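> You'll find data28.tsv just under this line, and it carries TSV, N, CA and C atoms and all ligand atoms.
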```tsv
chain	number	residue	atom	x	y	z
A	10	MET	N	-20.88	5.66	5.69
A	10	MET	CA	-19.59	5.95	5.07
A	10	MET	C	-19.79	6.97	3.96
A	11	ASN	N	-18.93	8.00	3.89
A	11	ASN	CA	-19.03	9.01	2.85
A	11	ASN	C	-18.76	8.40	1.48
A	12	GLN	N	-19.29	9.07	0.46
A	12	GLN	CA	-18.98	8.61	-0.90
A	12	GLN	C	-17.51	8.87	-1.20
A	13	TYR	N	-16.91	7.98	-1.94
A	13	TYR	CA	-15.49	8.08	-2.27
A	13	TYR	C	-15.37	8.30	-3.77
A	14	PHE	N	-14.71	9.39	-4.17
A	14	PHE	CA	-14.71	9.76	-5.58
A	14	PHE	C	-13.38	9.48	-6.29
A	15	LYS	N	-12.36	9.09	-5.54
A	15	LYS	CA	-11.07	8.84	-6.17
A	15	LYS	C	-11.03	7.44	-6.79
A	16	PRO	N	-10.07	7.19	-7.66
A	16	PRO	CA	-10.01	5.87	-8.32
A	16	PRO	C	-9.85	4.75	-7.30
A	17	LEU	N	-10.47	3.63	-7.60
A	17	LEU	CA	-10.40	2.46	-6.71
A	17	LEU	C	-9.69	1.31	-7.43
A	18	PRO	N	-9.08	0.43	-6.67
A	18	PRO	CA	-8.42	-0.72	-7.31
A	18	PRO	C	-9.45	-1.65	-7.96
A	19	VAL	N	-9.03	-2.28	-9.04
A	19	VAL	CA	-9.85	-3.29	-9.68
A	19	VAL	C	-9.47	-4.62	-9.05
A	20	ILE	N	-10.42	-5.28	-8.44
A	20	ILE	CA	-10.14	-6.53	-7.73
A	20	ILE	C	-10.47	-7.70	-8.64
A	21	ASP	N	-9.52	-8.61	-8.77
A	21	ASP	CA	-9.76	-9.82	-9.56
A	21	ASP	C	-9.45	-11.05	-8.70
A	22	ASP	N	-9.52	-12.23	-9.30
A	22	ASP	CA	-9.33	-13.47	-8.54
A	22	ASP	C	-7.97	-13.53	-7.86
A	23	THR	N	-6.94	-13.01	-8.53
A	23	THR	CA	-5.59	-13.12	-7.96
A	23	THR	C	-5.34	-12.11	-6.85
A	24	SER	N	-6.01	-10.96	-6.89
A	24	SER	CA	-5.77	-9.95	-5.86
A	24	SER	C	-6.80	-9.96	-4.74
A	25	SER	N	-7.90	-10.65	-4.91
A	25	SER	CA	-8.98	-10.57	-3.91
A	25	SER	C	-8.56	-11.01	-2.51
A	26	PRO	N	-7.67	-12.02	-2.33
A	26	PRO	CA	-7.25	-12.34	-0.95
A	26	PRO	C	-6.55	-11.17	-0.26
A	27	PHE	N	-5.80	-10.37	-1.03
A	27	PHE	CA	-5.14	-9.19	-0.47
A	27	PHE	C	-6.17	-8.19	0.04
A	28	TRP	N	-7.19	-7.91	-0.79
A	28	TRP	CA	-8.19	-6.90	-0.43
A	28	TRP	C	-9.12	-7.38	0.67
A	29	LYS	N	-9.44	-8.69	0.67
A	29	LYS	CA	-10.28	-9.23	1.75
A	29	LYS	C	-9.55	-9.13	3.08
A	30	ALA	N	-8.26	-9.41	3.08
A	30	ALA	CA	-7.47	-9.31	4.30
A	30	ALA	C	-7.40	-7.86	4.77
A	31	ALA	N	-7.18	-6.94	3.83
A	31	ALA	CA	-7.12	-5.52	4.19
A	31	ALA	C	-8.41	-5.07	4.86
A	32	LYS	N	-9.53	-5.57	4.36
A	32	LYS	CA	-10.83	-5.25	4.96
A	32	LYS	C	-10.85	-5.68	6.43
A	33	ASN	N	-10.14	-6.77	6.72
A	33	ASN	CA	-10.06	-7.29	8.10
A	33	ASN	C	-8.82	-6.79	8.84
A	34	LYS	N	-8.23	-5.69	8.34
A	34	LYS	CA	-7.07	-5.05	8.99
A	34	LYS	C	-5.86	-5.97	9.07
A	35	ILE	N	-5.67	-6.74	8.01
A	35	ILE	CA	-4.50	-7.62	7.91
A	35	ILE	C	-3.77	-7.29	6.61
A	36	LEU	N	-2.45	-7.09	6.71
A	36	LEU	CA	-1.64	-6.90	5.51
A	36	LEU	C	-1.00	-8.23	5.17
A	37	GLN	N	-1.33	-8.76	4.01
A	37	GLN	CA	-0.73	-10.02	3.58
A	37	GLN	C	-0.37	-9.95	2.11
A	38	LEU	N	0.71	-10.66	1.75
A	38	LEU	CA	1.18	-10.67	0.37
A	38	LEU	C	1.56	-12.10	-0.01
A	39	PRO	N	1.62	-12.38	-1.32
A	39	PRO	CA	2.03	-13.72	-1.75
A	39	PRO	C	3.49	-13.98	-1.41
A	40	LYS	N	3.76	-15.16	-0.84
A	40	LYS	CA	5.13	-15.57	-0.53
A	40	LYS	C	5.41	-16.86	-1.30
A	41	CYS	N	6.44	-16.82	-2.10
A	41	CYS	CA	6.79	-17.98	-2.93
A	41	CYS	C	7.15	-19.17	-2.04
A	42	SER	N	6.56	-20.32	-2.33
A	42	SER	CA	6.84	-21.53	-1.54
A	42	SER	C	8.17	-22.17	-1.93
A	43	ALA	N	8.73	-21.76	-3.07
A	43	ALA	CA	10.00	-22.35	-3.51
A	43	ALA	C	11.20	-21.54	-3.02
A	44	CYS	N	11.15	-20.21	-3.18
A	44	CYS	CA	12.32	-19.38	-2.82
A	44	CYS	C	12.05	-18.43	-1.65
A	45	ASN	N	10.83	-18.43	-1.13
A	45	ASN	CA	10.44	-17.59	0.03
A	45	ASN	C	10.38	-16.10	-0.24
A	46	GLU	N	10.51	-15.68	-1.51
A	46	GLU	CA	10.40	-14.26	-1.80
A	46	GLU	C	8.95	-13.79	-1.62
A	47	ILE	N	8.79	-12.67	-0.92
A	47	ILE	CA	7.47	-12.06	-0.77
A	47	ILE	C	7.34	-11.00	-1.84
A	48	ARG	N	6.24	-11.03	-2.58
A	48	ARG	CA	6.09	-10.10	-3.70
A	48	ARG	C	4.83	-9.25	-3.54
A	49	ILE	N	4.90	-8.06	-4.14
A	49	ILE	CA	3.77	-7.14	-4.09
A	49	ILE	C	2.86	-7.39	-5.29
A	50	GLN	N	3.39	-7.99	-6.35
A	50	GLN	CA	2.59	-8.27	-7.54
A	50	GLN	C	1.72	-9.50	-7.28
A	51	PHE	N	0.58	-9.54	-7.96
A	51	PHE	CA	-0.35	-10.64	-7.74
A	51	PHE	C	-0.35	-11.65	-8.90
A	52	GLU	N	0.64	-11.57	-9.77
A	52	GLU	CA	0.62	-12.51	-10.87
A	52	GLU	C	0.91	-13.93	-10.39
A	53	ARG	N	0.67	-14.89	-11.27
A	53	ARG	CA	0.73	-16.30	-10.90
A	53	ARG	C	2.15	-16.79	-10.62
A	54	TRP	N	3.13	-16.22	-11.30
A	54	TRP	CA	4.49	-16.73	-11.21
A	54	TRP	C	5.36	-15.85	-10.33
A	55	CYS	N	6.25	-16.48	-9.59
A	55	CYS	CA	7.22	-15.73	-8.80
A	55	CYS	C	8.20	-15.02	-9.75
A	56	PRO	N	8.39	-13.71	-9.62
A	56	PRO	CA	9.33	-13.01	-10.51
A	56	PRO	C	10.78	-13.41	-10.25
A	57	ASN	N	11.04	-14.03	-9.12
A	57	ASN	CA	12.41	-14.43	-8.77
A	57	ASN	C	12.78	-15.80	-9.31
A	58	CYS	N	11.84	-16.77	-9.22
A	58	CYS	CA	12.20	-18.15	-9.61
A	58	CYS	C	11.17	-18.82	-10.51
A	59	SER	N	10.10	-18.11	-10.85
A	59	SER	CA	9.05	-18.60	-11.75
A	59	SER	C	8.16	-19.69	-11.17
A	60	SER	N	8.33	-20.02	-9.92
A	60	SER	CA	7.45	-21.03	-9.31
A	60	SER	C	6.02	-20.50	-9.25
A	61	GLU	N	5.06	-21.41	-9.39
A	61	GLU	CA	3.65	-21.02	-9.25
A	61	GLU	C	3.11	-21.31	-7.86
A	62	ARG	N	3.94	-21.89	-7.00
A	62	ARG	CA	3.48	-22.25	-5.66
A	62	ARG	C	3.72	-21.07	-4.71
A	63	PHE	N	2.68	-20.69	-3.98
A	63	PHE	CA	2.83	-19.61	-3.01
A	63	PHE	C	1.80	-19.75	-1.92
A	64	ILE	N	2.05	-19.06	-0.82
A	64	ILE	CA	1.08	-18.95	0.26
A	64	ILE	C	0.85	-17.46	0.52
A	65	TRP	N	-0.22	-17.12	1.20
A	65	TRP	CA	-0.45	-15.73	1.62
A	65	TRP	C	0.19	-15.55	2.98
A	66	GLU	N	1.17	-14.65	3.04
A	66	GLU	CA	1.94	-14.43	4.27
A	66	GLU	C	1.44	-13.17	4.98
A	67	LYS	N	1.07	-13.31	6.24
A	67	LYS	CA	0.69	-12.13	7.03
A	67	LYS	C	1.94	-11.37	7.41
A	68	LEU	N	1.91	-10.05	7.20
A	68	LEU	CA	3.09	-9.22	7.46
A	68	LEU	C	2.87	-8.35	8.70
A	69	SER	N	3.98	-7.83	9.21
A	69	SER	CA	3.93	-7.03	10.44
A	69	SER	C	3.27	-5.68	10.22
A	70	GLY	N	3.31	-5.19	8.98
A	70	GLY	CA	2.78	-3.85	8.72
A	70	GLY	C	3.77	-2.76	9.07
A	71	GLU	N	4.97	-3.14	9.44
A	71	GLU	CA	6.00	-2.17	9.80
A	71	GLU	C	7.01	-2.02	8.68
A	72	GLY	N	7.59	-0.84	8.59
A	72	GLY	CA	8.59	-0.59	7.56
A	72	GLY	C	9.19	0.79	7.73
A	73	ILE	N	9.88	1.22	6.68
A	73	ILE	CA	10.46	2.56	6.67
A	73	ILE	C	10.16	3.24	5.34
A	74	VAL	N	10.20	4.57	5.36
A	74	VAL	CA	10.09	5.31	4.11
A	74	VAL	C	11.37	5.07	3.31
A	75	TRP	N	11.23	4.52	2.12
A	75	TRP	CA	12.38	4.24	1.25
A	75	TRP	C	12.63	5.41	0.30
A	76	SER	N	11.51	6.02	-0.13
A	76	SER	CA	11.58	7.18	-1.01
A	76	SER	C	10.24	7.92	-0.90
A	77	HIS	N	10.23	9.18	-1.29
A	77	HIS	CA	8.99	9.94	-1.19
A	77	HIS	C	9.02	11.14	-2.12
A	78	CYS	N	7.83	11.64	-2.43
A	78	CYS	CA	7.72	12.89	-3.17
A	78	CYS	C	6.42	13.57	-2.78
A	79	ILE	N	6.34	14.85	-3.11
A	79	ILE	CA	5.14	15.63	-2.82
A	79	ILE	C	4.57	16.10	-4.15
A	80	PHE	N	3.27	15.90	-4.35
A	80	PHE	CA	2.60	16.35	-5.56
A	80	PHE	C	2.02	17.74	-5.32
A	81	TYR	N	2.51	18.72	-6.09
A	81	TYR	CA	2.02	20.09	-6.00
A	81	TYR	C	1.15	20.45	-7.20
A	82	LYS	N	1.22	19.63	-8.24
A	82	LYS	CA	0.52	19.91	-9.49
A	82	LYS	C	-0.65	18.94	-9.63
A	83	LYS	N	-1.70	19.38	-10.28
A	83	LYS	CA	-2.86	18.51	-10.49
A	83	LYS	C	-2.61	17.59	-11.69
A	84	TYR	N	-2.43	16.33	-11.39
A	84	TYR	CA	-2.33	15.33	-12.45
A	84	TYR	C	-3.64	14.58	-12.61
A	85	PHE	N	-4.39	14.50	-11.51
A	85	PHE	CA	-5.65	13.76	-11.51
A	85	PHE	C	-6.72	14.65	-10.86
A	86	ASN	N	-7.82	14.87	-11.55
A	86	ASN	CA	-8.87	15.74	-11.03
A	86	ASN	C	-9.34	15.30	-9.65
A	87	GLU	N	-9.40	14.00	-9.44
A	87	GLU	CA	-9.94	13.48	-8.17
A	87	GLU	C	-9.07	13.82	-6.96
A	88	PHE	N	-7.81	14.16	-7.21
A	88	PHE	CA	-6.89	14.45	-6.11
A	88	PHE	C	-6.67	15.95	-5.89
A	89	GLU	N	-7.36	16.77	-6.67
A	89	GLU	CA	-7.13	18.21	-6.65
A	89	GLU	C	-7.26	18.82	-5.25
A	90	LYS	N	-8.26	18.39	-4.50
A	90	LYS	CA	-8.50	18.97	-3.16
A	90	LYS	C	-7.40	18.61	-2.17
A	91	GLU	N	-6.60	17.59	-2.47
A	91	GLU	CA	-5.58	17.14	-1.52
A	91	GLU	C	-4.20	17.76	-1.77
A	92	ILE	N	-4.04	18.49	-2.86
A	92	ILE	CA	-2.74	19.10	-3.18
A	92	ILE	C	-2.35	20.09	-2.09
A	93	PRO	N	-1.13	20.08	-1.56
A	93	PRO	CA	-0.09	19.10	-1.88
A	93	PRO	C	-0.28	17.81	-1.08
A	94	TYR	N	0.02	16.68	-1.73
A	94	TYR	CA	-0.11	15.40	-1.04
A	94	TYR	C	1.14	14.57	-1.29
A	95	ASN	N	1.39	13.64	-0.38
A	95	ASN	CA	2.61	12.84	-0.50
A	95	ASN	C	2.33	11.49	-1.16
A	96	VAL	N	3.33	10.98	-1.84
A	96	VAL	CA	3.35	9.61	-2.33
A	96	VAL	C	4.67	9.02	-1.84
A	97	VAL	N	4.58	7.88	-1.18
A	97	VAL	CA	5.77	7.29	-0.57
A	97	VAL	C	5.99	5.86	-1.06
A	98	LEU	N	7.25	5.49	-1.07
A	98	LEU	CA	7.61	4.09	-1.32
A	98	LEU	C	8.06	3.54	0.02
A	99	ILE	N	7.31	2.59	0.54
A	99	ILE	CA	7.60	2.01	1.85
A	99	ILE	C	8.32	0.68	1.66
A	100	LYS	N	9.47	0.52	2.33
A	100	LYS	CA	10.14	-0.79	2.36
A	100	LYS	C	9.66	-1.50	3.61
A	101	LEU	N	8.87	-2.55	3.39
A	101	LEU	CA	8.33	-3.30	4.52
A	101	LEU	C	9.43	-4.08	5.22
A	102	LYS	N	9.24	-4.32	6.51
A	102	LYS	CA	10.22	-5.05	7.33
A	102	LYS	C	10.56	-6.40	6.69
A	103	GLU	N	9.58	-7.03	6.03
A	103	GLU	CA	9.79	-8.34	5.42
A	103	GLU	C	10.42	-8.26	4.04
A	104	GLY	N	10.67	-7.05	3.52
A	104	GLY	CA	11.41	-6.93	2.26
A	104	GLY	C	10.74	-6.20	1.11
A	105	PRO	N	9.48	-6.52	0.78
A	105	PRO	CA	8.92	-5.88	-0.41
A	105	PRO	C	8.67	-4.38	-0.21
A	106	LYS	N	8.61	-3.68	-1.34
A	106	LYS	CA	8.34	-2.24	-1.30
A	106	LYS	C	6.94	-1.99	-1.87
A	107	ILE	N	6.23	-1.09	-1.21
A	107	ILE	CA	4.85	-0.82	-1.60
A	107	ILE	C	4.64	0.70	-1.71
A	108	ILE	N	3.95	1.12	-2.75
A	108	ILE	CA	3.65	2.55	-2.95
A	108	ILE	C	2.38	2.88	-2.19
A	109	SER	N	2.42	4.00	-1.48
A	109	SER	CA	1.26	4.36	-0.66
A	109	SER	C	1.31	5.86	-0.34
A	110	ASN	N	0.60	6.24	0.69
A	110	ASN	CA	0.62	7.61	1.22
A	110	ASN	C	0.84	7.54	2.72
A	111	LEU	N	1.45	8.58	3.25
A	111	LEU	CA	1.54	8.73	4.71
A	111	LEU	C	0.38	9.61	5.15
A	112	ILE	N	-0.27	9.21	6.23
A	112	ILE	CA	-1.36	10.02	6.76
A	112	ILE	C	-0.90	10.74	8.01
A	113	ASP	N	-1.62	11.79	8.36
A	113	ASP	CA	-1.38	12.53	9.62
A	113	ASP	C	0.05	13.02	9.77
A	114	ILE	N	0.64	13.56	8.70
A	114	ILE	CA	2.00	14.08	8.81
A	114	ILE	C	2.17	15.26	7.85
A	115	GLU	N	2.86	16.28	8.29
A	115	GLU	CA	3.17	17.39	7.41
A	115	GLU	C	4.33	16.97	6.50
A	116	SER	N	4.31	17.47	5.28
A	116	SER	CA	5.32	17.10	4.29
A	116	SER	C	6.74	17.29	4.80
A	117	LYS	N	6.96	18.37	5.56
A	117	LYS	CA	8.33	18.69	5.98
A	117	LYS	C	8.91	17.64	6.93
A	118	TYR	N	8.07	16.80	7.50
A	118	TYR	CA	8.56	15.78	8.44
A	118	TYR	C	8.82	14.42	7.76
A	119	ILE	N	8.48	14.31	6.50
A	119	ILE	CA	8.69	13.04	5.79
A	119	ILE	C	10.15	12.96	5.36
A	120	ARG	N	10.81	11.85	5.70
A	120	ARG	CA	12.21	11.67	5.33
A	120	ARG	C	12.49	10.19	5.08
A	121	VAL	N	13.53	9.94	4.31
A	121	VAL	CA	13.95	8.56	4.06
A	121	VAL	C	14.39	7.95	5.40
A	122	GLY	N	13.95	6.73	5.64
A	122	GLY	CA	14.31	6.03	6.88
A	122	GLY	C	13.29	6.20	8.00
A	123	LEU	N	12.29	7.05	7.79
A	123	LEU	CA	11.26	7.27	8.82
A	123	LEU	C	10.53	5.96	9.10
A	124	PRO	N	10.49	5.52	10.37
A	124	PRO	CA	9.76	4.28	10.70
A	124	PRO	C	8.25	4.51	10.59
A	125	VAL	N	7.56	3.56	9.97
A	125	VAL	CA	6.12	3.70	9.76
A	125	VAL	C	5.42	2.37	10.06
A	126	SER	N	4.12	2.47	10.29
A	126	SER	CA	3.31	1.26	10.41
A	126	SER	C	2.05	1.43	9.57
A	127	VAL	N	1.48	0.30	9.22
A	127	VAL	CA	0.33	0.31	8.31
A	127	VAL	C	-0.89	0.92	8.99
A	128	TYR	N	-1.71	1.56	8.17
A	128	TYR	CA	-2.99	2.10	8.61
A	128	TYR	C	-4.02	1.69	7.56
A	129	PHE	N	-5.10	1.09	8.02
A	129	PHE	CA	-6.12	0.59	7.09
A	129	PHE	C	-7.23	1.63	6.97
A	130	GLU	N	-7.37	2.17	5.77
A	130	GLU	CA	-8.37	3.22	5.54
A	130	GLU	C	-9.58	2.66	4.79
A	131	ASP	N	-10.69	2.53	5.50
A	131	ASP	CA	-11.93	2.06	4.87
A	131	ASP	C	-12.46	3.18	3.99
A	132	VAL	N	-12.53	2.97	2.68
A	132	VAL	CA	-13.01	4.02	1.79
A	132	VAL	C	-14.38	3.71	1.18
A	133	THR	N	-14.71	2.44	1.05
A	133	THR	CA	-16.06	2.03	0.64
A	133	THR	C	-16.41	0.80	1.47
A	134	ASN	N	-17.60	0.30	1.29
A	134	ASN	CA	-17.98	-0.91	2.02
A	134	ASN	C	-17.16	-2.12	1.58
A	135	GLU	N	-16.59	-2.07	0.38
A	135	GLU	CA	-15.83	-3.21	-0.14
A	135	GLU	C	-14.31	-2.99	-0.06
A	136	ILE	N	-13.87	-1.75	-0.12
A	136	ILE	CA	-12.44	-1.46	-0.27
A	136	ILE	C	-11.86	-0.80	0.97
A	137	THR	N	-10.76	-1.36	1.43
A	137	THR	CA	-9.93	-0.75	2.47
A	137	THR	C	-8.56	-0.54	1.86
A	138	LEU	N	-8.09	0.70	1.85
A	138	LEU	CA	-6.79	1.00	1.26
A	138	LEU	C	-5.69	0.88	2.31
A	139	ILE	N	-4.49	0.55	1.82
A	139	ILE	CA	-3.31	0.41	2.68
A	139	ILE	C	-2.58	1.76	2.70
A	140	LYS	N	-2.59	2.40	3.84
A	140	LYS	CA	-1.83	3.63	4.03
A	140	LYS	C	-0.84	3.40	5.16
A	141	PHE	N	0.00	4.40	5.42
A	141	PHE	CA	0.99	4.26	6.49
A	141	PHE	C	1.02	5.52	7.32
A	142	LYS	N	1.45	5.36	8.57
A	142	LYS	CA	1.64	6.52	9.44
A	142	LYS	C	2.95	6.37	10.19
A	143	SER	N	3.51	7.52	10.55
A	143	SER	CA	4.77	7.54	11.26
A	143	SER	C	4.60	6.89	12.63
A	144	ILE	N	5.62	6.10	13.02
A	144	ILE	CA	5.62	5.53	14.36
A	144	ILE	C	6.27	6.57	15.27
A	145	LYS	N	5.51	6.99	16.24
A	145	LYS	CA	6.07	7.98	17.19
A	145	LYS	C	7.13	7.29	18.05
A	146	THR	N	8.32	7.87	18.08
A	146	THR	CA	9.38	7.28	18.89
A	146	THR	C	9.81	8.23	19.98
B	201	ZN	ZN	10.23	-17.86	-6.00
```
Would it be possible to restate this file's structure as structure tokens?
Ligand SMILES: [Zn+2]


Amino acid sequence: MNQYFKPLPVIDDTSSPFWKAAKNKILQLPKCSACNEIRIQFERWCPNCSSERFIWEKLSGEGIVWSHCIFYKKYFNEFEKEIPYNVVLIKLKEGPKIISNLIDIESKYIRVGLPVSVYFEDVTNEITLIKFKSIKT
């Protein structure tokens, strides 16, 4: 595996089940056992009802582009070689929204409502990032 020079997520006890699942090509998020809300945050309490009870819910990995932008300016040295690159907000089929990137697509084809599916990008031996790609229809 090539060396990866961009910033990596900091994994702690609350987020490690998410990252371990991603390593195994599974997208899962905490689902509140009291109100059933699925959240992208890994904190202990449900932001909707404050319950501490939750399970890890396996998700379909499908969604749509909810919002997007293209970065043309260098804000981070590590991303300089990728300019211009996209940053997208994906609304997952199950409800939560997740910030990511679309792979294998030219910027001009990115639009709100574009159907996408998850793509697991192995970047180090420990970390697999969650990216998305357009579903060909
Ligand atoms: Zn809740």

> Assign secondary structure with DSSP using the backbone only, and return the residues of range 23-120 of chain A in helix (DSSP H, G or I) as a list in words.

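Those in range 23-120 of chain A that DSSP calls helix (DSSP H, G or I) are Ser25, Pro26, Phe27, Trp28, Lys29, Ala30, Ala31, Lys32, Asn86, Glu87, Phe88, Glu89, Lys90, Glu91, Ser116, Lys117 and Tyr118 of chain A.
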
> Neighbours of ligand ZN 201 (chain B) within 6 Å, counting all atoms listed in the file, as a list in words?

Cys41, Ser42, Ala43, Cys44, Asn45, Glu46, Cys55, Pro56, Asn57, Cys58, Ser59 and Ser60 of chain A

> If we count all atoms listed in the file and set the cut-off at 8 Å, which residues sit around Arg120 in chain A, ignoring sequence neighbours fewer than 3 positions away in its own chain? Please answer as a list in words.

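Close residues of Arg120 in chain A: Ile73, Val74, Trp75, Ser76, His77, Ser116, Lys117, Leu123 and Pro124 of chain A.
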
> Between A:Ile119, A:Ile20, A:Leu111, A:Val96, which has the minimum distance to Phe141 in chain A (counting all atoms listed in the file)?

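That would be A:Leu111, the residue with the smallest distance to Phe141 in chain A.
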
> Determine the nearest neighbour of Trp65 in chain A from the options A:Glu130, A:Gln37, A:Asn95, A:Ala30, counting all atoms listed in the file.

A:Gln37

> Looking at A:Lys15, A:Trp54, A:Glu66, A:Ile92, which one is nearest to Leu138 in chain A, with distances taken over only C-alpha atoms?

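When distances to Leu138 in chain A are compared using only C-alpha atoms, the smallest one comes from A:Lys15.
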
> Between A:Arg48, A:Glu115, A:Glu103, A:Asp22, which one has atoms that come closest to Ile79 in chain A, using only C-alpha atoms?

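Answer, going by the shortest atom-to-atom distance: A:Glu115.
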
> What parts of range 44-135 of chain A does DSSP call strand (DSSP E or B)? I'd like the answer as a PyMOL selection string.

chain A and resi 47+63-67+71-80+94-101+106-109+111-112+124-131

> Starting from the incomplete input, reconstruct all heavy atoms of range 76-83 of chain A and report them as an mmCIF file, in the coordinates of the input.


```cif
data_model
loop_
_atom_site.group_PDB
_atom_site.id
_atom_site.type_symbol
_atom_site.label_atom_id
_atom_site.label_comp_id
_atom_site.auth_asym_id
_atom_site.auth_seq_id
_atom_site.Cartn_x
_atom_site.Cartn_y
_atom_site.Cartn_z
ATOM 1 N N SER A 76 11.510 6.020 -0.130
ATOM 2 C CA SER A 76 11.580 7.180 -1.010
ATOM 3 C C SER A 76 10.240 7.920 -0.900
ATOM 4 O O SER A 76 9.253 7.342 -0.456
ATOM 5 C CB SER A 76 11.844 6.751 -2.449
ATOM 6 O OG SER A 76 12.033 7.879 -3.280
ATOM 7 N N HIS A 77 10.230 9.180 -1.290
ATOM 8 C CA HIS A 77 8.990 9.940 -1.190
ATOM 9 C C HIS A 77 9.020 11.140 -2.120
ATOM 10 O O HIS A 77 10.091 11.576 -2.541
ATOM 11 C CB HIS A 77 8.749 10.399 0.252
ATOM 12 C CG HIS A 77 9.827 11.304 0.773
ATOM 13 N ND1 HIS A 77 9.740 12.675 0.730
ATOM 14 C CD2 HIS A 77 11.032 11.022 1.331
ATOM 15 C CE1 HIS A 77 10.829 13.197 1.251
ATOM 16 N NE2 HIS A 77 11.642 12.215 1.619
ATOM 17 N N CYS A 78 7.830 11.640 -2.430
ATOM 18 C CA CYS A 78 7.720 12.890 -3.170
ATOM 19 C C CYS A 78 6.420 13.570 -2.780
ATOM 20 O O CYS A 78 5.531 12.955 -2.195
ATOM 21 C CB CYS A 78 7.799 12.666 -4.680
ATOM 22 S SG CYS A 78 6.441 11.730 -5.354
ATOM 23 N N ILE A 79 6.340 14.850 -3.110
ATOM 24 C CA ILE A 79 5.140 15.630 -2.820
ATOM 25 C C ILE A 79 4.570 16.100 -4.150
ATOM 26 O O ILE A 79 5.296 16.630 -4.994
ATOM 27 C CB ILE A 79 5.458 16.856 -1.928
ATOM 28 C CG1 ILE A 79 6.217 16.437 -0.661
ATOM 29 C CG2 ILE A 79 4.180 17.623 -1.593
ATOM 30 C CD1 ILE A 79 5.475 15.536 0.275
ATOM 31 N N PHE A 80 3.270 15.900 -4.350
ATOM 32 C CA PHE A 80 2.600 16.350 -5.560
ATOM 33 C C PHE A 80 2.020 17.740 -5.320
ATOM 34 O O PHE A 80 1.167 17.917 -4.455
ATOM 35 C CB PHE A 80 1.487 15.373 -5.951
ATOM 36 C CG PHE A 80 1.993 14.140 -6.638
ATOM 37 C CD1 PHE A 80 2.821 13.240 -5.994
ATOM 38 C CD2 PHE A 80 1.625 13.868 -7.944
ATOM 39 C CE1 PHE A 80 3.289 12.103 -6.624
ATOM 40 C CE2 PHE A 80 2.092 12.730 -8.591
ATOM 41 C CZ PHE A 80 2.928 11.851 -7.935
ATOM 42 N N TYR A 81 2.510 18.720 -6.090
ATOM 43 C CA TYR A 81 2.020 20.090 -6.000
ATOM 44 C C TYR A 81 1.150 20.450 -7.200
ATOM 45 O O TYR A 81 0.498 21.457 -7.219
ATOM 46 C CB TYR A 81 3.187 21.080 -5.924
ATOM 47 C CG TYR A 81 4.002 20.962 -4.659
ATOM 48 C CD1 TYR A 81 5.190 20.228 -4.628
ATOM 49 C CD2 TYR A 81 3.581 21.587 -3.488
ATOM 50 C CE1 TYR A 81 5.931 20.129 -3.459
ATOM 51 C CE2 TYR A 81 4.313 21.489 -2.326
ATOM 52 C CZ TYR A 81 5.492 20.762 -2.325
ATOM 53 O OH TYR A 81 6.213 20.657 -1.170
ATOM 54 N N LYS A 82 1.220 19.630 -8.240
ATOM 55 C CA LYS A 82 0.520 19.910 -9.490
ATOM 56 C C LYS A 82 -0.650 18.940 -9.630
ATOM 57 O O LYS A 82 -0.561 17.796 -9.186
ATOM 58 C CB LYS A 82 1.502 19.715 -10.647
ATOM 59 C CG LYS A 82 0.955 20.033 -11.994
ATOM 60 C CD LYS A 82 2.019 19.861 -13.052
ATOM 61 C CE LYS A 82 1.415 19.964 -14.433
ATOM 62 N NZ LYS A 82 2.386 19.722 -15.485
ATOM 63 N N LYS A 83 -1.700 19.380 -10.280
ATOM 64 C CA LYS A 83 -2.860 18.510 -10.490
ATOM 65 C C LYS A 83 -2.610 17.590 -11.690
ATOM 66 O O LYS A 83 -2.544 18.046 -12.812
ATOM 67 C CB LYS A 83 -4.118 19.338 -10.723
ATOM 68 C CG LYS A 83 -5.359 18.474 -10.880
ATOM 69 C CD LYS A 83 -6.603 19.292 -11.127
ATOM 70 C CE LYS A 83 -6.674 19.708 -12.570
ATOM 71 N NZ LYS A 83 -7.933 20.344 -12.952
#
```
